[in-house]
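See below for the structure under consideration.
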Amino acid sequence: MLDFFTIFSKGGLVLWCFQGVSDSCTGPVNALIRSVLLQERGGNNSFTHEALTLKYKLDNQFELVFVVGFQKILTLTYVDKLIDDVHRLFRDKYRTEIQQHSALSLLNGTFDFQNDFLRLLREAEESSKIRVPATMKKFEDSEKAKKPVRSMIETRGEKPKEKAKNNKKKGTKKEGSDGPLTTNKAVPADKSGLPVGPENGAELSKEELIRRKREEFIQKHGRGMEKSSKSKSDAPKEKGKKAPRVWELGGCANKEVLDYSTPTTNGTPEAAPLSEDINLAFPHVLQIRGTGPGGQLQDLDCSSSDDEGAAQNSTKPSATKGTLGGMFGMLKGLVGSKSLSREDMESVLDKMRDHLIAKNVAADIAVQLCESVANKLEGKVMGTFSTVTSTVKQALQESLVQILQPQRRVDMLRDIMDAQRRQRPYVVTFCGVNGVGKSTNLAKISFWLLENGFSVLIAACDTFRAGAVEQLRTHTRRLSALHPPEKHGGRTMVQLFEKGYGKDAAGIAMEAIAFARNQGFDVVLVDTAGRMQDNAPLMTALAKLITVNTPDLVLFVGEALVGNEAVDQLVKFNRALADHSMAQTPRLIDGIVLTKFDTIDDKVGAAISMTYITSKPIVFVGTGQTYCDLRSLNAKAVVAALMKA
């Protein structure tokens with residue numbers, strides 16, 4: 001049973017809605033718009049919101065969205081068929097009203113679709129109940145039964161001999177210098193002397209079909225081939241010139257004698273252009289593809305069906321109609337005259353996916369990104385003088401920029417000032433795997449906060465790794481030297497709170513927050529021990545620390561060097577925090593600190609993978625070893641580096 005089915009435009013106007021079990025579809029649909037459509041995450045056409053599963057379909061030609069919602073515990077096999085049927089009928093029935101593309105026409109339009117929808121729903125439900133009984137396949141229906149006995153008793157050595165014979169024939173025909181080609185009108189026969197053809201019940205193999213096509217081609221163009229072969233044999237002997245050509249308009253000005261013989265290159269005559277039948281007779285001949293206007297994109301080295309069509313249209317007419325035909329073919333390939341289909345975009349998206357994976361984007365994320373772009377562009381009419389490659393690339397760039405821009409912006413300075421007004425410290429917890437640079441980047445963020453005039457208390461909650469407390473003590477000493485109390489009216493700007501090793505990290509963090517509240521510190525930065533995402537006891541301890549102390553911000557520290565591993569780390573960290581939390585609404589990761597960004601050159605795919613999998617923003621980017629090497633993420637610069645060849 002369906003909860004709801006709604007149709008709305010991409011501008012936000014609800015055209016028609018069916019209410020089933022659910023009282024309102026506003027909440028789930030708004031969640032779909034915020035989390036999927038606006039964030040360019042339309043990879044699998046399915047979205048889960050609380051107890052509902054939402055399936056949707058985009059109509060990019062008319063800018064419509066079709067959404068159906070049902071309980072996720074149900075398995076409704078007819079939903080995909082229903083949404084396709086509704087999409088097709090609604091588009092065809094109200095094509096005139098939708099094509100006006102004005103909000104006023106959509107508001108004033110009457111979309112009486114209730115009876116049609118109920119009919120389609122009833123048909124879809126009935127079709128899902130009808131199951132064709134499975135029948136055993138008989139031997140007479142199999143492919144093996146259709147083969148003759150002679151074809152099944154052939155020895156293995158015959159096929160290689162036939163292939164060698166065919167290759168030999170190909171070689172003799174390609175040489176062309178041993179003598180004129182002879183036509184053979186007889187039907188090809190195999191070793192037994194029987195003609196090979198459908199009349200004898202034998203199926204033609206690929207080599208035999210190619211050989212027959214070749215012989216038909218020779219029969220069709222035999223005279224022209226004989227003439228060309230004669231000209232090849234007589235080319236060294238004939239050096240004279242034929243009668244001068246008389247031009248129809250004005251004649252030849254200087255009365256020069258035009259050489260109309262077969263052109264030669266290094267003594268070898270050039271081959272005349274053949275007709276299209278050679279594609280069937282000689283399928284292995286390589287054809288030179290022209291560089292049409294669609295091949296301007298060099299950075300991703302992507303080719304599309306429209307580019308190839310433009311190249312073919314620009315080379316074929318030039319051989320028959322001259323320069324005018326070539327220019328017409330080029331313009332015909334560029335002007336947007338059709339809507340995009342998946343077949344048009346398939347080759348381009350394959351290149352894009354491989355390029356993203358080479359740039360360190362996780363493989364699953366790259367596939368979902370390309371699928372989202374395909375859903376976004378399918379059915380869209382291309383603009384004038386635009387190619388499939390440029391259109392897909394532009395759509396992918398827009399999607400990547402949208403993904404990197406945070407759904408929830410993290411403004412630490414504003415939140416710290418809000419906490420000051422409430423007279424409490426602002427608490428930030430750092431977590432991540434081993435060796436990603438949590439302590440170092442904690443010190444960089446401390447320096448940034450000190451430069452902005454906030455006092456910082458560093459809580460040493462890494463009680464497991466040897467030297468962790470000493471490392472933070474060294475950073476505190478250096479930061480205190482840069483911002484001594486004398487410059488701030490005798491106020492201590494940075495201090496370390498530590499209880500040694502082997503203690504409970506959650507208890508140390510609680511004591512540090514209480515100490516900061518009593519001493520008037522503005523910010524508490526909690527350093528935790530590095531742990532692998534598969535270590536259940538350590539992940540339980542981290543979930544306990546976050547649940548007990550309820551920090552204002554939980555930052556996951558990850559390095560930019562990882563690809564697929566980044567997805568695994570973030571997914572399992574979030575899952576562990578949710579599973580091991582004692583709160584009813586568990587606290588998950590709020591933001592990401594991306595470290596070692598200066599070591600990856602243009603392989604910035606980890607940023608895409610991390611933000612796509614969690615929908616969380618990258619708050620800070622570490623770009624070096626000094627305290628000043630801390631940056632905010634520039635989404636457009638990252639996408640430009642990602643799309644760079």
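Letters A, B, ... mark the chains of the structure tokens in the order given; residue numbers begin at 1 per chain; ligand numbers begin at 1, in order shown.
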*asked:* When DSSP is applied to the backbone of this structure, which of segment 338-526 of chain A are assigned strand (DSSP E)? Write them out as a ChimeraX atom specification.
replied: /A:426-431,456-460,494-497,523-526
*Tell me which protein, DNA and RNA residues are within 9 Å of Val548 of chain A, counting only C-alpha atoms, leaving out same-chain ones fewer than 4 positions away, and put them as number ranges by chain.*
A: 506-507, 510, 543-544, 582
*Fewer than 3 positions away in the same chain doesn't count, so skip those; otherwise give me all residues within 6 Å of segment 76-80 of chain A, counting only C-alpha atoms, as a VMD selection string.*
chain A and resid 83 124 128
_Surrounding residues of segment 603-606 of chain A excluding itself and chain neighbours under 5 positions, 8 Å, only C-alpha atoms, as a PyMOL selection string_ = chain A and resi 356-362+560-563+566+597+638+641-642
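Minimum atom-to-atom distances from A:Ser22, A:Thr626, A:Asn60, A:Thr528 to Thr463 of chain A were compared using only C-alpha atoms, and the lowest value belongs to A:Thr528.
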